[in-house]
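File shown: data-v1.txt. Contents: compact mmCIF, C-alpha atoms.
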```txt
# COMPACT_ATOMS: atom_id res chain seq x y z
CA MET A 1 0.25 -10.41 -8.20
CA GLU A 2 -3.09 -10.54 -6.44
CA ILE A 3 -4.33 -7.23 -5.04
CA GLY A 4 -6.94 -7.08 -2.30
CA ILE A 5 -8.46 -3.68 -1.55
CA HIS A 6 -10.56 -3.37 1.60
CA ALA A 7 -12.60 -0.40 2.83
CA VAL A 8 -13.05 -0.41 6.61
CA GLY A 9 -15.99 1.62 7.93
CA PHE A 10 -17.12 3.16 4.63
CA SER A 11 -18.13 2.17 1.11
CA MET A 12 -15.51 2.78 -1.56
CA ALA A 13 -16.20 4.41 -4.93
CA GLY A 14 -14.99 2.65 -8.07
CA ASN A 15 -12.56 5.39 -9.04
CA LEU A 16 -10.80 5.12 -5.66
CA ARG A 17 -10.46 1.35 -6.15
CA ASP A 18 -8.96 1.94 -9.62
CA PHE A 19 -6.53 4.53 -8.23
CA VAL A 20 -5.31 2.21 -5.46
CA GLU A 21 -4.97 -0.76 -7.82
CA ALA A 22 -2.95 1.30 -10.32
CA LYS A 23 -0.56 2.55 -7.60
CA VAL A 24 0.00 -0.86 -6.01
CA SER A 25 0.39 -2.73 -9.30
CA LYS A 26 3.41 -0.54 -10.15
CA LEU A 27 5.35 -2.10 -7.25
CA VAL A 28 5.95 -5.26 -9.31
CA ARG A 29 8.57 -3.31 -11.28
CA PHE A 30 10.77 -3.19 -8.18
CA ASP A 31 10.61 -6.86 -7.12
CA ASP A 32 9.41 -9.99 -8.91
CA ASP A 33 9.02 -11.84 -5.60
CA ILE A 34 5.76 -10.04 -4.74
CA GLU A 35 3.01 -12.63 -4.46
CA SER A 36 0.13 -10.49 -3.19
CA ALA A 37 -0.78 -7.10 -1.81
CA ASP A 38 -3.51 -6.13 0.64
CA VAL A 39 -4.57 -2.52 1.02
CA TYR A 40 -6.81 -1.40 3.88
CA LEU A 41 -8.38 2.04 3.72
CA LYS A 42 -9.95 3.28 6.91
CA LEU A 43 -11.07 6.40 8.70
CA GLY A 44 -8.68 7.59 11.40
CA ASN A 45 -9.46 9.31 14.70
CA ASP A 46 -7.37 12.45 14.12
CA GLN A 47 -9.21 15.48 12.71
CA GLU A 48 -6.19 16.60 10.66
CA GLU A 49 -5.32 13.24 9.11
CA ARG A 50 -8.66 11.44 9.01
CA LYS A 51 -7.85 8.96 6.22
CA VAL A 52 -5.42 6.05 6.72
CA ALA A 53 -3.98 3.63 4.16
CA GLU A 54 -2.25 0.38 5.12
CA VAL A 55 -0.30 -1.59 2.52
CA LYS A 56 0.88 -5.14 3.23
CA LEU A 57 3.00 -6.93 0.63
CA GLN A 58 3.47 -10.68 0.78
CA LEU A 59 6.78 -11.69 -0.79
CA ARG A 60 8.45 -15.06 -0.98
CA GLY A 61 9.83 -15.42 2.53
CA ASP A 62 9.02 -11.89 3.68
CA VAL A 63 6.22 -9.45 4.50
CA LEU A 64 6.48 -5.67 4.11
CA PHE A 65 4.01 -3.29 5.76
CA ALA A 66 3.39 0.46 5.81
CA GLU A 67 0.62 2.55 7.35
CA LYS A 68 0.30 6.23 6.48
CA PRO A 69 -2.31 8.91 7.24
CA GLY A 70 -3.43 11.63 4.86
CA ALA A 71 -6.00 14.32 4.21
CA SER A 72 -7.48 12.09 1.48
CA PHE A 73 -7.34 8.38 0.71
CA GLU A 74 -5.35 9.15 -2.43
CA GLU A 75 -2.72 11.05 -0.43
CA ALA A 76 -2.54 8.33 2.23
CA THR A 77 -2.23 5.64 -0.47
CA ASP A 78 0.56 7.55 -2.23
CA GLU A 79 2.49 7.84 1.04
CA ALA A 80 2.00 4.18 2.02
CA VAL A 81 2.96 2.87 -1.43
CA GLU A 82 6.06 5.07 -1.41
CA ALA A 83 7.03 3.75 2.04
CA VAL A 84 6.68 0.14 0.85
CA ARG A 85 8.65 0.96 -2.32
CA ARG A 86 11.52 2.25 -0.16
CA GLN A 87 11.39 -0.96 1.89
CA LEU A 88 11.53 -3.00 -1.34
CA MET A 89 14.59 -1.08 -2.54
CA LYS A 90 16.31 -1.50 0.83
CA ARG A 91 15.53 -5.24 0.80
CA LYS A 92 16.83 -5.57 -2.75
CA GLY A 93 20.07 -3.81 -1.75
CA LYS A 94 20.58 -6.20 1.15
CA GLN A 95 20.05 -9.23 -1.10
CA ARG A 96 22.84 -8.08 -3.41
CA ASP A 97 25.36 -7.77 -0.56
```

Spell out the structure here as structure tokens.
Amino acid sequence: MEIGIHAVGFSMAGNLRDFVEAKVSKLVRFDDDIESADVYLKLGNDQEERKVAEVKLQLRGDVLFAEKPGASFEEATDEAVEAVRRQLMKRKGKQRD
């Protein structure tokens, strides 16, 4: 799986890149059809939830997307990856039916 990590409006530290890559790479355990993942980290407008993470998974014949805000990029990434994981599990359940 190819993973693209993009920082929008700021420069990203190496440890944040490593964190995001580690979280997203774990999604392969849930579905072998994942071809690539793109993660966009950006600053939001809201004072409370200023950090936003978007995760887009390209699967064979499908695209899954989640966007979640957080107090930190790590928190936002955790939430977005969890949302995409739930979508993967739901998709997998529908394929079995």

- Message: I'd like the neighbourhood of segment 34-47 of chain A as a ChimeraX atom specification, where a residue qualifies if any of its atoms comes within 8 Å (using only C-alpha atoms), though same-chain residues fewer than 3 positions away should be ignored.
- Response: /A:1-10,24,28,31,50-60,69,73

- Å distance separating atom CA of Arg17 of chain A from atom CA of Glu79 of chain A, one decimal place: 16.2 Å

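Among the candidates A:Glu67, A:Gly14, A:Ser25, A:Asp62, the residue lying nearest to Lys92 of chain A is A:Asp62 (atoms considered: all atoms listed in the file).
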
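Relative to atom CA of Glu82 of chain A, atom CA of Lys68 of chain A is found at 9.8 Å.
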
- Message: Show me, as a PyMOL selection string, the residues that have an atom within 6 Å of Gly70 of chain A when counting all atoms listed in the file, minus same-chain residues fewer than 2 positions from it.
- Response: chain A and resi 49+51+72+75-76

- Message: Please compute the atom CA of Gln87 of chain A-atom CA of Lys23 of chain A distance, one decimal, in Å.
- Response: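 Computed distance, atom CA of Gln87 of chain A to atom CA of Lys23 of chain A, equals 15.7 Å.
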
Segment 17-46 of chain A rebuilt with N, CA and C atoms, output as an mmCIF file, keeping the file's coordinate frame:
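Final output, selection.cif:
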```cif
data_model
loop_
_atom_site.group_PDB
_atom_site.id
_atom_site.type_symbol
_atom_site.label_atom_id
_atom_site.label_comp_id
_atom_site.auth_asym_id
_atom_site.auth_seq_id
_atom_site.Cartn_x
_atom_site.Cartn_y
_atom_site.Cartn_z
ATOM 1 N N ARG A 17 -10.971 2.717 -5.981
ATOM 2 C CA ARG A 17 -10.460 1.350 -6.150
ATOM 3 C C ARG A 17 -9.480 1.288 -7.319
ATOM 4 N N ASP A 18 -9.835 1.917 -8.440
ATOM 5 C CA ASP A 18 -8.960 1.940 -9.620
ATOM 6 C C ASP A 18 -7.648 2.649 -9.318
ATOM 7 N N PHE A 19 -7.724 3.770 -8.587
ATOM 8 C CA PHE A 19 -6.530 4.530 -8.230
ATOM 9 C C PHE A 19 -5.576 3.675 -7.389
ATOM 10 N N VAL A 20 -6.127 3.026 -6.361
ATOM 11 C CA VAL A 20 -5.310 2.210 -5.460
ATOM 12 C C VAL A 20 -4.689 1.041 -6.223
ATOM 13 N N GLU A 21 -5.479 0.386 -7.055
ATOM 14 C CA GLU A 21 -4.970 -0.760 -7.820
ATOM 15 C C GLU A 21 -3.847 -0.335 -8.756
ATOM 16 N N ALA A 22 -3.989 0.814 -9.406
ATOM 17 C CA ALA A 22 -2.950 1.300 -10.320
ATOM 18 C C ALA A 22 -1.656 1.594 -9.561
ATOM 19 N N LYS A 23 -1.756 2.226 -8.393
ATOM 20 C CA LYS A 23 -0.560 2.550 -7.600
ATOM 21 C C LYS A 23 0.158 1.286 -7.124
ATOM 22 N N VAL A 24 -0.602 0.346 -6.586
ATOM 23 C CA VAL A 24 0.000 -0.860 -6.010
ATOM 24 C C VAL A 24 0.574 -1.762 -7.099
ATOM 25 N N SER A 25 -0.088 -1.840 -8.239
ATOM 26 C CA SER A 25 0.390 -2.730 -9.300
ATOM 27 C C SER A 25 1.753 -2.290 -9.849
ATOM 28 N N LYS A 26 2.105 -1.024 -9.692
ATOM 29 C CA LYS A 26 3.410 -0.540 -10.150
ATOM 30 C C LYS A 26 4.570 -1.071 -9.315
ATOM 31 N N LEU A 27 4.291 -1.590 -8.127
ATOM 32 C CA LEU A 27 5.350 -2.100 -7.250
ATOM 33 C C LEU A 27 6.034 -3.338 -7.820
ATOM 34 N N VAL A 28 5.374 -4.043 -8.717
ATOM 35 C CA VAL A 28 5.950 -5.260 -9.310
ATOM 36 C C VAL A 28 7.237 -4.932 -10.061
ATOM 37 N N ARG A 29 7.354 -3.709 -10.555
ATOM 38 C CA ARG A 29 8.570 -3.310 -11.280
ATOM 39 C C ARG A 29 9.816 -3.395 -10.401
ATOM 40 N N PHE A 30 9.635 -3.252 -9.092
ATOM 41 C CA PHE A 30 10.770 -3.190 -8.180
ATOM 42 C C PHE A 30 11.190 -4.553 -7.634
ATOM 43 N N ASP A 31 10.275 -5.535 -7.653
ATOM 44 C CA ASP A 31 10.610 -6.860 -7.120
ATOM 45 C C ASP A 31 9.658 -7.907 -7.687
ATOM 46 N N ASP A 32 10.217 -8.918 -8.325
ATOM 47 C CA ASP A 32 9.410 -9.990 -8.910
ATOM 48 C C ASP A 32 8.911 -10.983 -7.870
ATOM 49 N N ASP A 33 9.409 -10.896 -6.647
ATOM 50 C CA ASP A 33 9.020 -11.840 -5.600
ATOM 51 C C ASP A 33 7.682 -11.509 -4.942
ATOM 52 N N ILE A 34 7.033 -10.425 -5.351
ATOM 53 C CA ILE A 34 5.760 -10.040 -4.740
ATOM 54 C C ILE A 34 4.680 -11.023 -5.165
ATOM 55 N N GLU A 35 4.070 -11.668 -4.179
ATOM 56 C CA GLU A 35 3.010 -12.630 -4.460
ATOM 57 C C GLU A 35 1.631 -11.991 -4.364
ATOM 58 N N SER A 36 1.428 -11.141 -3.351
ATOM 59 C CA SER A 36 0.130 -10.490 -3.190
ATOM 60 C C SER A 36 0.283 -9.192 -2.415
ATOM 61 N N ALA A 37 -0.742 -8.364 -2.539
ATOM 62 C CA ALA A 37 -0.780 -7.100 -1.810
ATOM 63 C C ALA A 37 -2.177 -6.921 -1.234
ATOM 64 N N ASP A 38 -2.240 -6.470 0.000
ATOM 65 C CA ASP A 38 -3.510 -6.130 0.640
ATOM 66 C C ASP A 38 -3.447 -4.671 1.051
ATOM 67 N N VAL A 39 -4.480 -3.932 0.673
ATOM 68 C CA VAL A 39 -4.570 -2.520 1.020
ATOM 69 C C VAL A 39 -5.835 -2.322 1.844
ATOM 70 N N TYR A 40 -5.675 -1.706 3.003
ATOM 71 C CA TYR A 40 -6.810 -1.400 3.880
ATOM 72 C C TYR A 40 -6.931 0.111 3.976
ATOM 73 N N LEU A 41 -8.087 0.620 3.603
ATOM 74 C CA LEU A 41 -8.380 2.040 3.720
ATOM 75 C C LEU A 41 -9.376 2.213 4.848
ATOM 76 N N LYS A 42 -9.053 3.106 5.776
ATOM 77 C CA LYS A 42 -9.950 3.280 6.910
ATOM 78 C C LYS A 42 -9.943 4.731 7.376
ATOM 79 N N LEU A 43 -10.957 5.062 8.150
ATOM 80 C CA LEU A 43 -11.070 6.400 8.700
ATOM 81 C C LEU A 43 -10.320 6.448 10.022
ATOM 82 N N GLY A 44 -9.456 7.449 10.171
ATOM 83 C CA GLY A 44 -8.680 7.590 11.400
ATOM 84 C C GLY A 44 -9.426 8.424 12.428
ATOM 85 N N ASN A 45 -8.845 8.552 13.607
ATOM 86 C CA ASN A 45 -9.460 9.310 14.700
ATOM 87 C C ASN A 45 -9.057 10.781 14.692
ATOM 88 N N ASP A 46 -7.916 11.089 14.114
ATOM 89 C CA ASP A 46 -7.370 12.450 14.120
ATOM 90 C C ASP A 46 -8.149 13.344 13.154
#
```
